[in-house]
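K.L.:
Structure file query16.cif (mmCIF, C-alpha atoms) is given on the next line.
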```cif
data_coords
loop_
_atom_site.label_atom_id
_atom_site.label_comp_id
_atom_site.auth_asym_id
_atom_site.auth_seq_id
_atom_site.Cartn_x
_atom_site.Cartn_y
_atom_site.Cartn_z
CA MET A 1 9.72 43.26 9.00
CA THR A 2 13.33 42.76 7.96
CA PRO A 3 15.21 40.23 10.14
CA PRO A 4 18.60 41.24 11.56
CA ALA A 5 21.69 40.41 9.53
CA ASN A 6 22.70 37.58 11.86
CA HIS A 7 19.25 35.89 11.77
CA PRO A 8 19.29 32.27 10.53
CA ALA A 9 18.09 31.86 6.95
CA ILE A 10 14.35 31.28 6.68
CA PRO A 11 13.18 29.36 3.61
CA PRO A 12 9.98 30.51 1.87
CA ARG A 13 6.86 28.98 3.38
CA LYS A 14 5.64 25.84 1.65
CA VAL A 15 3.00 23.16 2.04
CA GLY A 16 4.19 19.54 1.94
CA VAL A 17 2.50 16.38 0.71
CA LEU A 18 4.18 13.17 1.81
CA LEU A 19 3.02 10.03 0.00
CA VAL A 20 3.58 6.96 2.18
CA ASN A 21 3.54 3.32 1.20
CA LEU A 22 4.33 0.13 3.08
CA GLY A 23 7.99 -0.47 2.38
CA THR A 24 10.56 -2.59 0.65
CA PRO A 25 14.06 -3.98 1.18
CA ASP A 26 16.93 -1.97 -0.28
CA ASP A 27 17.75 -4.81 -2.68
CA ALA A 28 16.71 -8.38 -3.35
CA SER A 29 19.44 -10.02 -1.25
CA PRO A 30 18.61 -12.19 1.79
CA LYS A 31 20.54 -9.76 4.01
CA ALA A 32 18.50 -6.75 2.89
CA VAL A 33 15.25 -8.72 3.11
CA ARG A 34 16.13 -9.88 6.62
CA ARG A 35 16.74 -6.27 7.72
CA TYR A 36 13.43 -5.21 6.20
CA LEU A 37 11.46 -8.08 7.72
CA ALA A 38 12.98 -7.47 11.15
CA GLU A 39 11.61 -3.92 11.11
CA PHE A 40 8.27 -4.83 9.54
CA LEU A 41 7.50 -7.83 11.74
CA SER A 42 8.59 -6.06 14.93
CA ASP A 43 5.83 -3.48 14.52
CA ARG A 44 3.22 -4.02 17.25
CA ARG A 45 0.53 -2.85 14.82
CA VAL A 46 1.48 -5.63 12.39
CA VAL A 47 1.96 -8.52 14.81
CA GLU A 48 -0.30 -8.01 17.79
CA ILE A 49 1.40 -10.55 20.02
CA SER A 50 3.34 -9.78 23.17
CA PRO A 51 7.00 -9.14 22.23
CA LEU A 52 8.00 -11.54 25.01
CA LEU A 53 6.35 -14.32 23.02
CA TRP A 54 6.86 -13.06 19.49
CA GLN A 55 10.45 -11.80 19.41
CA PRO A 56 12.06 -15.21 20.20
CA ILE A 57 10.00 -16.72 17.36
CA LEU A 58 10.87 -13.87 15.02
CA ARG A 59 14.58 -13.90 15.81
CA GLY A 60 14.91 -17.65 16.19
CA VAL A 61 12.81 -19.05 13.36
CA VAL A 62 11.28 -16.48 11.02
CA LEU A 63 14.37 -14.37 10.32
CA ASN A 64 16.50 -17.47 9.81
CA THR A 65 14.19 -19.08 7.24
CA ARG A 66 11.95 -16.51 5.55
CA PRO A 67 14.54 -14.01 4.13
CA LYS A 68 16.05 -16.46 1.62
CA LYS A 69 12.63 -17.46 0.29
CA SER A 70 11.39 -13.86 0.17
CA ALA A 71 14.62 -12.69 -1.50
CA HIS A 72 14.03 -15.19 -4.31
CA ALA A 73 10.49 -13.87 -4.71
CA TYR A 74 11.75 -10.28 -4.84
CA SER A 75 14.35 -11.24 -7.44
CA LEU A 76 11.55 -12.34 -9.77
CA VAL A 77 9.93 -8.89 -9.81
CA TRP A 78 12.87 -6.52 -9.15
CA ARG A 79 13.26 -3.80 -11.76
CA GLU A 80 16.30 -1.98 -13.10
CA ASP A 81 15.16 1.05 -11.09
CA GLY A 82 14.70 -1.01 -7.94
CA SER A 83 11.76 -2.41 -6.05
CA PRO A 84 8.50 -2.06 -8.01
CA LEU A 85 6.74 -0.51 -5.01
CA ALA A 86 9.46 2.09 -4.46
CA ALA A 87 9.87 2.84 -8.17
CA ILE A 88 6.14 3.34 -8.70
CA THR A 89 5.64 5.42 -5.55
CA ARG A 90 8.55 7.61 -6.64
CA ALA A 91 6.92 7.98 -10.05
CA GLN A 92 3.59 8.91 -8.46
CA ALA A 93 5.29 11.64 -6.43
CA GLY A 94 7.05 12.89 -9.55
CA ALA A 95 3.82 13.03 -11.53
CA LEU A 96 2.17 15.04 -8.73
CA ARG A 97 5.08 17.44 -8.29
CA ASP A 98 3.43 20.33 -10.14
CA ALA A 99 -0.20 19.38 -9.51
CA PHE A 100 -0.82 21.80 -6.61
CA GLY A 101 1.20 24.87 -7.53
CA PRO A 102 4.81 26.03 -7.06
CA ASN A 103 4.60 26.33 -3.27
CA VAL A 104 3.56 22.73 -2.64
CA LEU A 105 6.36 20.20 -2.23
CA VAL A 106 5.43 16.56 -2.99
CA ASP A 107 7.67 13.82 -1.63
CA TRP A 108 7.41 10.11 -0.82
CA ALA A 109 8.49 7.71 1.91
CA MET A 110 8.21 4.12 3.06
CA ARG A 111 6.90 3.02 6.45
CA TYR A 112 9.56 0.31 6.57
CA GLY A 113 12.89 0.71 4.80
CA ASN A 114 13.98 3.70 2.74
CA PRO A 115 13.33 6.53 2.22
CA ALA A 116 12.26 6.73 5.85
CA ILE A 117 9.29 8.81 6.98
CA ASP A 118 11.26 10.69 9.65
CA ASP A 119 14.00 11.60 7.18
CA ARG A 120 11.56 12.96 4.60
CA LEU A 121 9.55 14.92 7.19
CA ALA A 122 12.78 16.51 8.44
CA ALA A 123 13.75 17.41 4.86
CA MET A 124 10.33 18.93 4.26
CA ALA A 125 10.54 21.03 7.41
CA ALA A 126 14.03 22.19 6.43
CA ALA A 127 12.66 23.19 3.01
CA GLY A 128 10.11 25.48 4.65
CA CYS A 129 7.04 23.23 4.86
CA ASP A 130 5.14 24.47 7.90
CA ARG A 131 2.04 22.50 6.91
CA ILE A 132 2.27 18.86 5.79
CA LEU A 133 -0.35 16.43 4.53
CA ILE A 134 0.69 12.88 5.36
CA ALA A 135 -0.92 10.64 2.76
CA PRO A 136 -0.78 6.88 3.39
CA LEU A 137 -1.74 5.35 0.04
CA TYR A 138 -4.07 2.73 1.47
CA PRO A 139 -7.64 3.13 0.19
CA GLN A 140 -9.05 0.85 2.89
CA TYR A 141 -8.20 1.81 6.47
CA CYS A 142 -6.36 -0.77 8.54
CA ALA A 143 -4.47 -0.29 11.79
CA ALA A 144 -1.60 -2.36 10.39
CA THR A 145 -1.18 -0.02 7.41
CA THR A 146 -2.73 3.44 7.71
CA ALA A 147 -2.38 3.74 11.47
CA THR A 148 1.21 2.56 11.67
CA ALA A 149 2.24 5.01 8.92
CA ASN A 150 0.65 7.82 10.92
CA ASP A 151 2.23 6.52 14.13
CA LYS A 152 5.68 6.73 12.55
CA ALA A 153 5.03 10.27 11.34
CA PHE A 154 3.75 11.38 14.74
CA ALA A 155 6.81 9.84 16.42
CA ALA A 156 9.02 11.88 14.10
CA LEU A 157 7.07 15.04 14.91
CA ALA A 158 7.57 14.37 18.63
CA THR A 159 11.32 14.93 18.14
CA MET A 160 10.90 18.32 16.44
CA ARG A 161 11.15 21.57 18.37
CA TRP A 162 9.29 23.46 15.64
CA GLN A 163 6.56 21.16 14.43
CA PRO A 164 4.70 21.76 11.19
CA ALA A 165 0.92 21.65 11.25
CA VAL A 166 -0.20 18.21 10.07
CA ARG A 167 -3.17 16.61 8.36
CA THR A 168 -3.56 12.94 7.44
CA LEU A 169 -5.30 11.49 4.40
CA PRO A 170 -8.46 9.59 5.40
CA PRO A 171 -9.36 6.27 3.78
CA TYR A 172 -10.82 6.64 0.32
CA HIS A 173 -12.25 3.15 -0.24
CA ASP A 174 -15.62 4.49 -1.42
CA ASP A 175 -14.55 7.81 -2.91
CA PRO A 176 -16.16 8.28 -6.33
CA ALA A 177 -12.84 9.41 -7.81
CA TYR A 178 -11.14 6.21 -6.62
CA ILE A 179 -13.95 3.92 -7.78
CA GLU A 180 -14.07 5.55 -11.21
CA ALA A 181 -10.28 5.33 -11.56
CA LEU A 182 -10.41 1.63 -10.68
CA ALA A 183 -13.30 0.99 -13.04
CA SER A 184 -11.61 2.84 -15.90
CA SER A 185 -8.37 0.92 -15.37
CA VAL A 186 -10.14 -2.44 -15.18
CA ARG A 187 -12.19 -1.72 -18.30
CA ALA A 188 -9.04 -0.88 -20.26
CA SER A 189 -7.23 -3.99 -18.99
CA LEU A 190 -10.16 -6.28 -19.79
CA ALA A 191 -10.42 -4.81 -23.30
CA ARG A 192 -6.82 -5.87 -23.98
CA LEU A 193 -7.44 -9.54 -23.09
CA ASP A 194 -7.85 -12.17 -25.77
CA PHE A 195 -10.47 -14.01 -23.70
CA GLU A 196 -13.67 -13.23 -21.80
CA PRO A 197 -13.24 -13.99 -18.06
CA ASP A 198 -15.84 -16.18 -16.39
CA ALA A 199 -15.19 -14.30 -13.15
CA LEU A 200 -13.48 -11.19 -11.82
CA ILE A 201 -11.67 -11.63 -8.51
CA ALA A 202 -10.85 -8.72 -6.22
CA SER A 203 -7.98 -9.86 -3.98
CA PHE A 204 -7.21 -7.73 -0.94
CA HIS A 205 -4.33 -8.14 1.48
CA GLY A 206 -5.36 -10.41 4.31
CA MET A 207 -5.56 -9.57 8.00
CA PRO A 208 -6.09 -11.80 11.04
CA GLU A 209 -9.81 -12.28 11.66
CA ARG A 210 -9.44 -10.95 15.19
CA THR A 211 -8.74 -7.47 13.79
CA LEU A 212 -12.36 -7.39 12.61
CA ASP A 213 -13.55 -8.49 16.05
CA LEU A 214 -11.44 -5.75 17.64
CA GLY A 215 -13.15 -3.06 15.55
CA ASP A 216 -10.85 -2.60 12.55
CA PRO A 217 -13.03 -1.43 9.61
CA TYR A 218 -10.76 -2.96 6.98
CA HIS A 219 -12.96 -5.93 6.07
CA CYS A 220 -15.99 -3.68 5.61
CA HIS A 221 -14.01 -1.19 3.54
CA CYS A 222 -12.80 -3.98 1.22
CA GLN A 223 -16.31 -5.32 0.75
CA LYS A 224 -17.66 -1.85 -0.05
CA THR A 225 -14.90 -1.14 -2.56
CA ALA A 226 -15.62 -4.42 -4.35
CA ARG A 227 -19.37 -3.78 -4.37
CA LEU A 228 -19.01 -0.25 -5.76
CA LEU A 229 -16.48 -1.39 -8.35
CA GLY A 230 -18.79 -4.20 -9.43
CA GLU A 231 -21.66 -1.75 -9.80
CA ALA A 232 -19.49 0.61 -11.87
CA LEU A 233 -18.40 -2.24 -14.14
CA GLY A 234 -21.75 -3.98 -14.29
CA LYS A 235 -19.98 -7.16 -13.14
CA ASP A 236 -20.05 -9.09 -9.90
CA THR A 237 -16.69 -9.52 -8.17
CA ILE A 238 -15.49 -12.35 -5.97
CA VAL A 239 -13.77 -10.90 -2.87
CA THR A 240 -10.79 -12.83 -1.49
CA PHE A 241 -7.91 -12.15 0.91
CA GLN A 242 -4.27 -13.03 0.27
CA SER A 243 -0.90 -13.17 2.06
CA ARG A 244 -1.78 -15.27 5.09
CA PHE A 245 1.02 -15.59 7.63
CA GLY A 246 1.27 -17.71 10.76
CA ARG A 247 -1.29 -19.99 12.39
CA ALA A 248 -3.98 -17.48 13.33
CA LYS A 249 -7.32 -17.55 11.54
CA TRP A 250 -7.34 -14.90 8.80
CA LEU A 251 -10.08 -13.17 6.87
CA GLU A 252 -11.68 -15.48 4.34
CA PRO A 253 -12.10 -16.66 1.66
CA ALA A 254 -8.39 -17.00 0.97
CA THR A 255 -7.18 -16.08 -2.50
CA ASP A 256 -5.00 -19.16 -3.00
CA THR A 257 -7.70 -21.66 -1.97
CA THR A 258 -10.26 -19.85 -4.11
CA LEU A 259 -7.98 -20.03 -7.17
CA ALA A 260 -7.48 -23.75 -6.55
CA ALA A 261 -11.22 -24.38 -6.21
CA LEU A 262 -12.68 -22.33 -9.08
CA PRO A 263 -11.75 -24.65 -12.02
CA GLY A 264 -13.54 -27.51 -10.29
CA GLN A 265 -16.64 -25.31 -10.17
CA GLY A 266 -16.52 -24.71 -13.91
CA VAL A 267 -14.79 -21.31 -13.73
CA LYS A 268 -11.88 -21.85 -16.11
CA ARG A 269 -11.12 -18.25 -17.19
CA ILE A 270 -10.51 -15.49 -14.68
CA ALA A 271 -9.13 -11.99 -14.28
CA ILE A 272 -7.81 -10.89 -10.89
CA ILE A 273 -7.28 -7.40 -9.53
CA ALA A 274 -5.81 -6.06 -6.29
CA PRO A 275 -7.81 -2.89 -5.46
CA GLY A 276 -6.23 -2.41 -2.05
CA PHE A 277 -2.76 -1.81 -3.47
CA SER A 278 -2.01 1.63 -4.90
CA ALA A 279 1.09 0.27 -6.64
CA ASP A 280 2.19 -3.11 -7.87
CA CYS A 281 4.57 -4.87 -5.52
CA LEU A 282 5.72 -8.30 -4.38
CA GLU A 283 2.22 -9.27 -3.25
CA THR A 284 0.71 -8.54 -6.65
CA LEU A 285 3.48 -9.30 -9.13
CA GLU A 286 4.81 -12.47 -7.49
CA GLU A 287 2.04 -13.75 -5.23
CA LEU A 288 -0.83 -13.13 -7.65
CA ALA A 289 0.59 -12.82 -11.18
CA ILE A 290 3.09 -15.70 -10.81
CA ARG A 291 2.05 -18.03 -8.00
CA GLY A 292 -1.65 -17.30 -8.39
CA ARG A 293 -1.48 -18.22 -12.07
CA GLU A 294 0.38 -21.44 -11.26
CA THR A 295 -2.22 -22.42 -8.67
CA PHE A 296 -5.13 -21.73 -11.03
CA VAL A 297 -3.63 -23.50 -14.04
CA GLU A 298 -2.54 -26.54 -12.02
CA ALA A 299 -6.14 -26.84 -10.78
CA GLY A 300 -7.43 -26.95 -14.35
CA GLY A 301 -7.89 -23.29 -15.26
CA THR A 302 -7.31 -22.37 -18.89
CA ASP A 303 -7.02 -18.57 -18.96
CA PHE A 304 -5.66 -16.29 -16.24
CA ALA A 305 -5.00 -12.55 -16.28
CA TYR A 306 -3.62 -10.35 -13.55
CA LEU A 307 -4.81 -6.76 -14.07
CA PRO A 308 -2.29 -4.14 -12.89
CA CYS A 309 -2.81 -1.70 -10.03
CA LEU A 310 -3.49 1.96 -10.71
CA ASN A 311 0.24 2.67 -10.31
CA ASP A 312 1.28 5.99 -11.91
CA SER A 313 -1.29 5.78 -14.71
CA ALA A 314 -3.19 8.84 -15.87
CA GLU A 315 -6.26 7.56 -13.98
CA SER A 316 -4.22 7.20 -10.80
CA ILE A 317 -2.66 10.66 -10.94
CA ALA A 318 -6.00 12.31 -11.71
CA MET A 319 -7.60 10.48 -8.77
CA LEU A 320 -4.78 11.35 -6.37
CA THR A 321 -4.87 14.97 -7.50
CA THR A 322 -8.59 15.10 -6.72
CA ILE A 323 -8.48 13.53 -3.26
CA LEU A 324 -5.28 15.31 -2.18
CA SER A 325 -6.57 18.69 -3.37
CA ARG A 326 -9.62 18.16 -1.20
CA GLU A 327 -7.47 17.58 1.89
CA LEU A 328 -5.26 20.57 1.06
CA ALA A 329 -8.24 22.93 0.88
CA GLY A 330 -7.58 26.08 2.90
CA TRP A 331 -3.86 25.49 3.13
CA ILE A 332 -3.22 26.15 -0.53
CA ALA A 333 -5.54 29.17 -0.58
CA ALA A 334 -3.83 30.57 2.53
CA GLN A 335 -0.36 30.67 0.93
#
```
Rewrite the structure of this file - the entire thing - as structure tokens.
P.N.:
Amino acid sequence: MTPPANHPAIPPRKVGVLLVNLGTPDDASPKAVRRYLAEFLSDRRVVEISPLLWQPILRGVVLNTRPKKSAHAYSLVWREDGSPLAAITRAQAGALRDAFGPNVLVDWAMRYGNPAIDDRLAAMAAAGCDRILIAPLYPQYCAATTATANDKAFAALATMRWQPAVRTLPPYHDDPAYIEALASSVRASLARLDFEPDALIASFHGMPERTLDLGDPYHCHCQKTARLLGEALGKDTIVTFQSRFGRAKWLEPATDTTLAALPGQGVKRIAIIAPGFSADCLETLEELAIRGRETFVEAGGTDFAYLPCLNDSAESIAMLTTILSRELAGWIAAQ
């Protein structure tokens, strides 16, 4: 059927894939970091405290002290092309651009900061995407990461008169493609070292312990990832949790205390990985590779290696192509 001459232009139908990661400030200045932290730490999924109690603390103490310290940390890892997390996520999207055929548009967004999820979803819809796969790049499901990314996408959809059909990427913590990509990356990184580690540490982002009690599967997903990775490598891994914040009890053992204790237990040479991060970021490049090394060496460690995340490596892109193709099944064939 030919539309009338005065009919609005209709773009060709497309399928969209929106990669989503946590977020980053626009630059490494205290002002930009403060703006980012205000959005991040105001999310009820991230800080599960009544706003009546939390917001005065956030506005009165946290946002007047933390931005300067965090800005310095960001300045240590900032790249010429911007935040490592944003630059790598952009590169991942670019590498996947032609992976699913000419009628599949691959884009990327950040849950906090820019590019914003609602802006990218609107751009996808305007480009003709009537089916969109929202893909939070968190292998292990957590309400504070996966769920809040989906929440933001659903909120954007609620404002649209003509909504695209939507799917969301499930957690892939035990997916064979993910485990093999991790194992391949770790093997290659270990082969480049000039020492043999006494131990391999798998450091995951921490969460308050109460999230486990409330039914969040994150802790179990992390443990399973580490077990499967250890089996693939033929090496045991020590599971730890990093990035504690506030006074609440967090998942243990903590990465920093473990690094401080290991030399006293005779473990003087270690390699550390961060399997829960799909891209290197502040928490890996500054917290682990810089501060983690300092903690370990000051405690008597002799050799320390941080092994990079999958990032936009060949292993990463092959893995993402596999798991995303699976979720696009039917949509691509129906074009």
K.L.:
Could you state the separation of atom CA of A:Leu324 and atom CA of A:Ala181 in Å, given to one decimal place?
P.N.:
14.6 Å
K.L.:
Could you pull the residues within 10 Å of A:Glu294, counting all atoms listed in the file, minus those fewer than 5 positions along the same chain, as a ChimeraX atom specification?
P.N.:
/A:259-260,287-289,299,301,304
K.L.:
Name all residues at most 12 Å from stretch 38-53 of chain A (count all atoms listed in the file; drop same-chain ones fewer than 4 positions away) and give them as a PyMOL selection string.
P.N.:
chain A and resi 22-25+30-34+57-64+66-67+110-114+116+142-152+206-208+210-211+214+216+245-246+248
K.L.:
For A:Val239, please output as a ChimeraX atom specification all residues within 12 Å (counting only C-alpha atoms; exclusion window: fewer than 4 positions along the same chain).
P.N.:
/A:199-206,219-227,229-230,251-255,258-259,272-276
K.L.:
Selection from above, C-alpha atoms, as a compact mmCIF listing (two decimals), keeping the file's coordinate frame, can you write it?
P.N.:
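Ended up saving to again-v4.txt:
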```
# COMPACT_ATOMS: atom_id res chain seq x y z
CA ALA A 199 -15.19 -14.30 -13.15
CA LEU A 200 -13.48 -11.19 -11.82
CA ILE A 201 -11.67 -11.63 -8.51
CA ALA A 202 -10.85 -8.72 -6.22
CA SER A 203 -7.98 -9.86 -3.98
CA PHE A 204 -7.21 -7.73 -0.94
CA HIS A 205 -4.33 -8.14 1.48
CA GLY A 206 -5.36 -10.41 4.31
CA HIS A 219 -12.96 -5.93 6.07
CA CYS A 220 -15.99 -3.68 5.61
CA HIS A 221 -14.01 -1.19 3.54
CA CYS A 222 -12.80 -3.98 1.22
CA GLN A 223 -16.31 -5.32 0.75
CA LYS A 224 -17.66 -1.85 -0.05
CA THR A 225 -14.90 -1.14 -2.56
CA ALA A 226 -15.62 -4.42 -4.35
CA ARG A 227 -19.37 -3.78 -4.37
CA LEU A 229 -16.48 -1.39 -8.35
CA GLY A 230 -18.79 -4.20 -9.43
CA LEU A 251 -10.08 -13.17 6.87
CA GLU A 252 -11.68 -15.48 4.34
CA PRO A 253 -12.10 -16.66 1.66
CA ALA A 254 -8.39 -17.00 0.97
CA THR A 255 -7.18 -16.08 -2.50
CA THR A 258 -10.26 -19.85 -4.11
CA LEU A 259 -7.98 -20.03 -7.17
CA ILE A 272 -7.81 -10.89 -10.89
CA ILE A 273 -7.28 -7.40 -9.53
CA ALA A 274 -5.81 -6.06 -6.29
CA PRO A 275 -7.81 -2.89 -5.46
CA GLY A 276 -6.23 -2.41 -2.05
```
K.L.:
On this structure, which residues satisfy the PyMOL selection byres ((chain A and resi 95) around 10), written as a VMD selection string?
P.N.:
chain A and resid 89 to 94 96 to 99 106 312 to 314 316 to 318 321
K.L.:
Return the single residue from A:Ala183, A:Thr159, A:Ala191, A:Ile290 that is closest to A:Gly234, with distances computed using all atoms listed in the file.
P.N.:
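With all atoms listed in the file as the atom set, the closest residue is A:Ala183.
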K.L.:
Name the residues captured by the PyMOL selection byres ((chain A and resi 279) around 7) when it is applied to the shown file; answer as a ChimeraX atom specification.
P.N.:
/A:85,88-89,277-278,280-281,309-311
K.L.:
How close does stretch 8-115 of chain A get to stretch 119-123 of chain A? List, as a tab-separated table, each residue of stretch 8-115 of chain A within 9 Å, its nearest atom pair and the distance in Å to one decimal, counting all atoms listed in the file.
P.N.:
```
residue	atom	partner	partner_atom	distance
A:Gly16	CA	A:Leu121	CA	8.8
A:Leu18	CA	A:Leu121	CA	7.8
A:Asp107	CA	A:Arg120	CA	7.4
A:Trp108	CA	A:Arg120	CA	7.4
A:Ala109	CA	A:Arg120	CA	6.7
A:Pro115	CA	A:Arg120	CA	7.1
```
K.L.:
For the residues in the current selection, export C-alpha atoms as a JSON list (two decimals), in the frame of the given file.
P.N.:
```
[["chain", "number", "residue", "atom", "x", "y", "z"],
["A", 16, "GLY", "CA", 4.19, 19.54, 1.94],
["A", 18, "LEU", "CA", 4.18, 13.17, 1.81],
["A", 107, "ASP", "CA", 7.67, 13.82, -1.63],
["A", 108, "TRP", "CA", 7.41, 10.11, -0.82],
["A", 109, "ALA", "CA", 8.49, 7.71, 1.91],
["A", 115, "PRO", "CA", 13.33, 6.53, 2.22]]
```
K.L.:
Do a neighbour search on A:Leu328 at 10 Å with only C-alpha atoms, toss out local chain neighbours closer than 6 positions, and write the hits as an MDAnalysis selection string.
P.N.:
chainID A and resid 15:17 100 104 131:133 167 169
K.L.:
Print the selection's residues with C-alpha atoms to a file, as a compact mmCIF listing (two decimals), in the coordinates of the input.
P.N.:
```txt
# COMPACT_ATOMS: atom_id res chain seq x y z
CA VAL A 15 3.00 23.16 2.04
CA GLY A 16 4.19 19.54 1.94
CA VAL A 17 2.50 16.38 0.71
CA PHE A 100 -0.82 21.80 -6.61
CA VAL A 104 3.56 22.73 -2.64
CA ARG A 131 2.04 22.50 6.91
CA ILE A 132 2.27 18.86 5.79
CA LEU A 133 -0.35 16.43 4.53
CA ARG A 167 -3.17 16.61 8.36
CA LEU A 169 -5.30 11.49 4.40
```
K.L.:
Which is closest to A:Gly264 among A:Ile238, A:Ala9, A:Val186, A:Val297, if we use all atoms listed in the file?
P.N.:
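Among the listed residues, the smallest separation from A:Gly264 belongs to A:Val297.
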K.L.:
Looking at only C-alpha atoms, which of A:Ala158, A:Ile332, A:Leu320, A:Ala165 is the one that sits closest to A:Pro139?
P.N.:
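When distances to A:Pro139 are compared using only C-alpha atoms, the smallest one comes from A:Leu320.
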K.L.:
From the set A:Asp81, A:Asp194, A:Asp130, A:Asp256, which residue has the shortest atom-to-atom contact distance to A:Asn103, counting only C-alpha atoms?
P.N.:
A:Asp130
K.L.:
Identify, on the basis of all atoms listed in the file, every residue whose closest approach to A:Val267 does not exceed 10 Å; exclude the query and any residue fewer than 5 positions from it along the same chain; express the result as JSON, numbers by chain.
P.N.:
{"A": [197, 198, 199, 259, 261, 262, 300, 301, 302, 303]}
K.L.:
Quick one: distance from atom CA of A:Asn21 to atom CA of A:Thr284 in Å, one decimal?
P.N.:
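Between atom CA of A:Asn21 and atom CA of A:Thr284 the gap is 14.5 Å.
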K.L.:
For a test of reading the model, state the distance in Å between atom CA of A:Glu283 and atom CA of A:Phe241, rounded to one decimal.
P.N.:
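Separation of atom CA of A:Glu283 and atom CA of A:Phe241: 11.3 Å.
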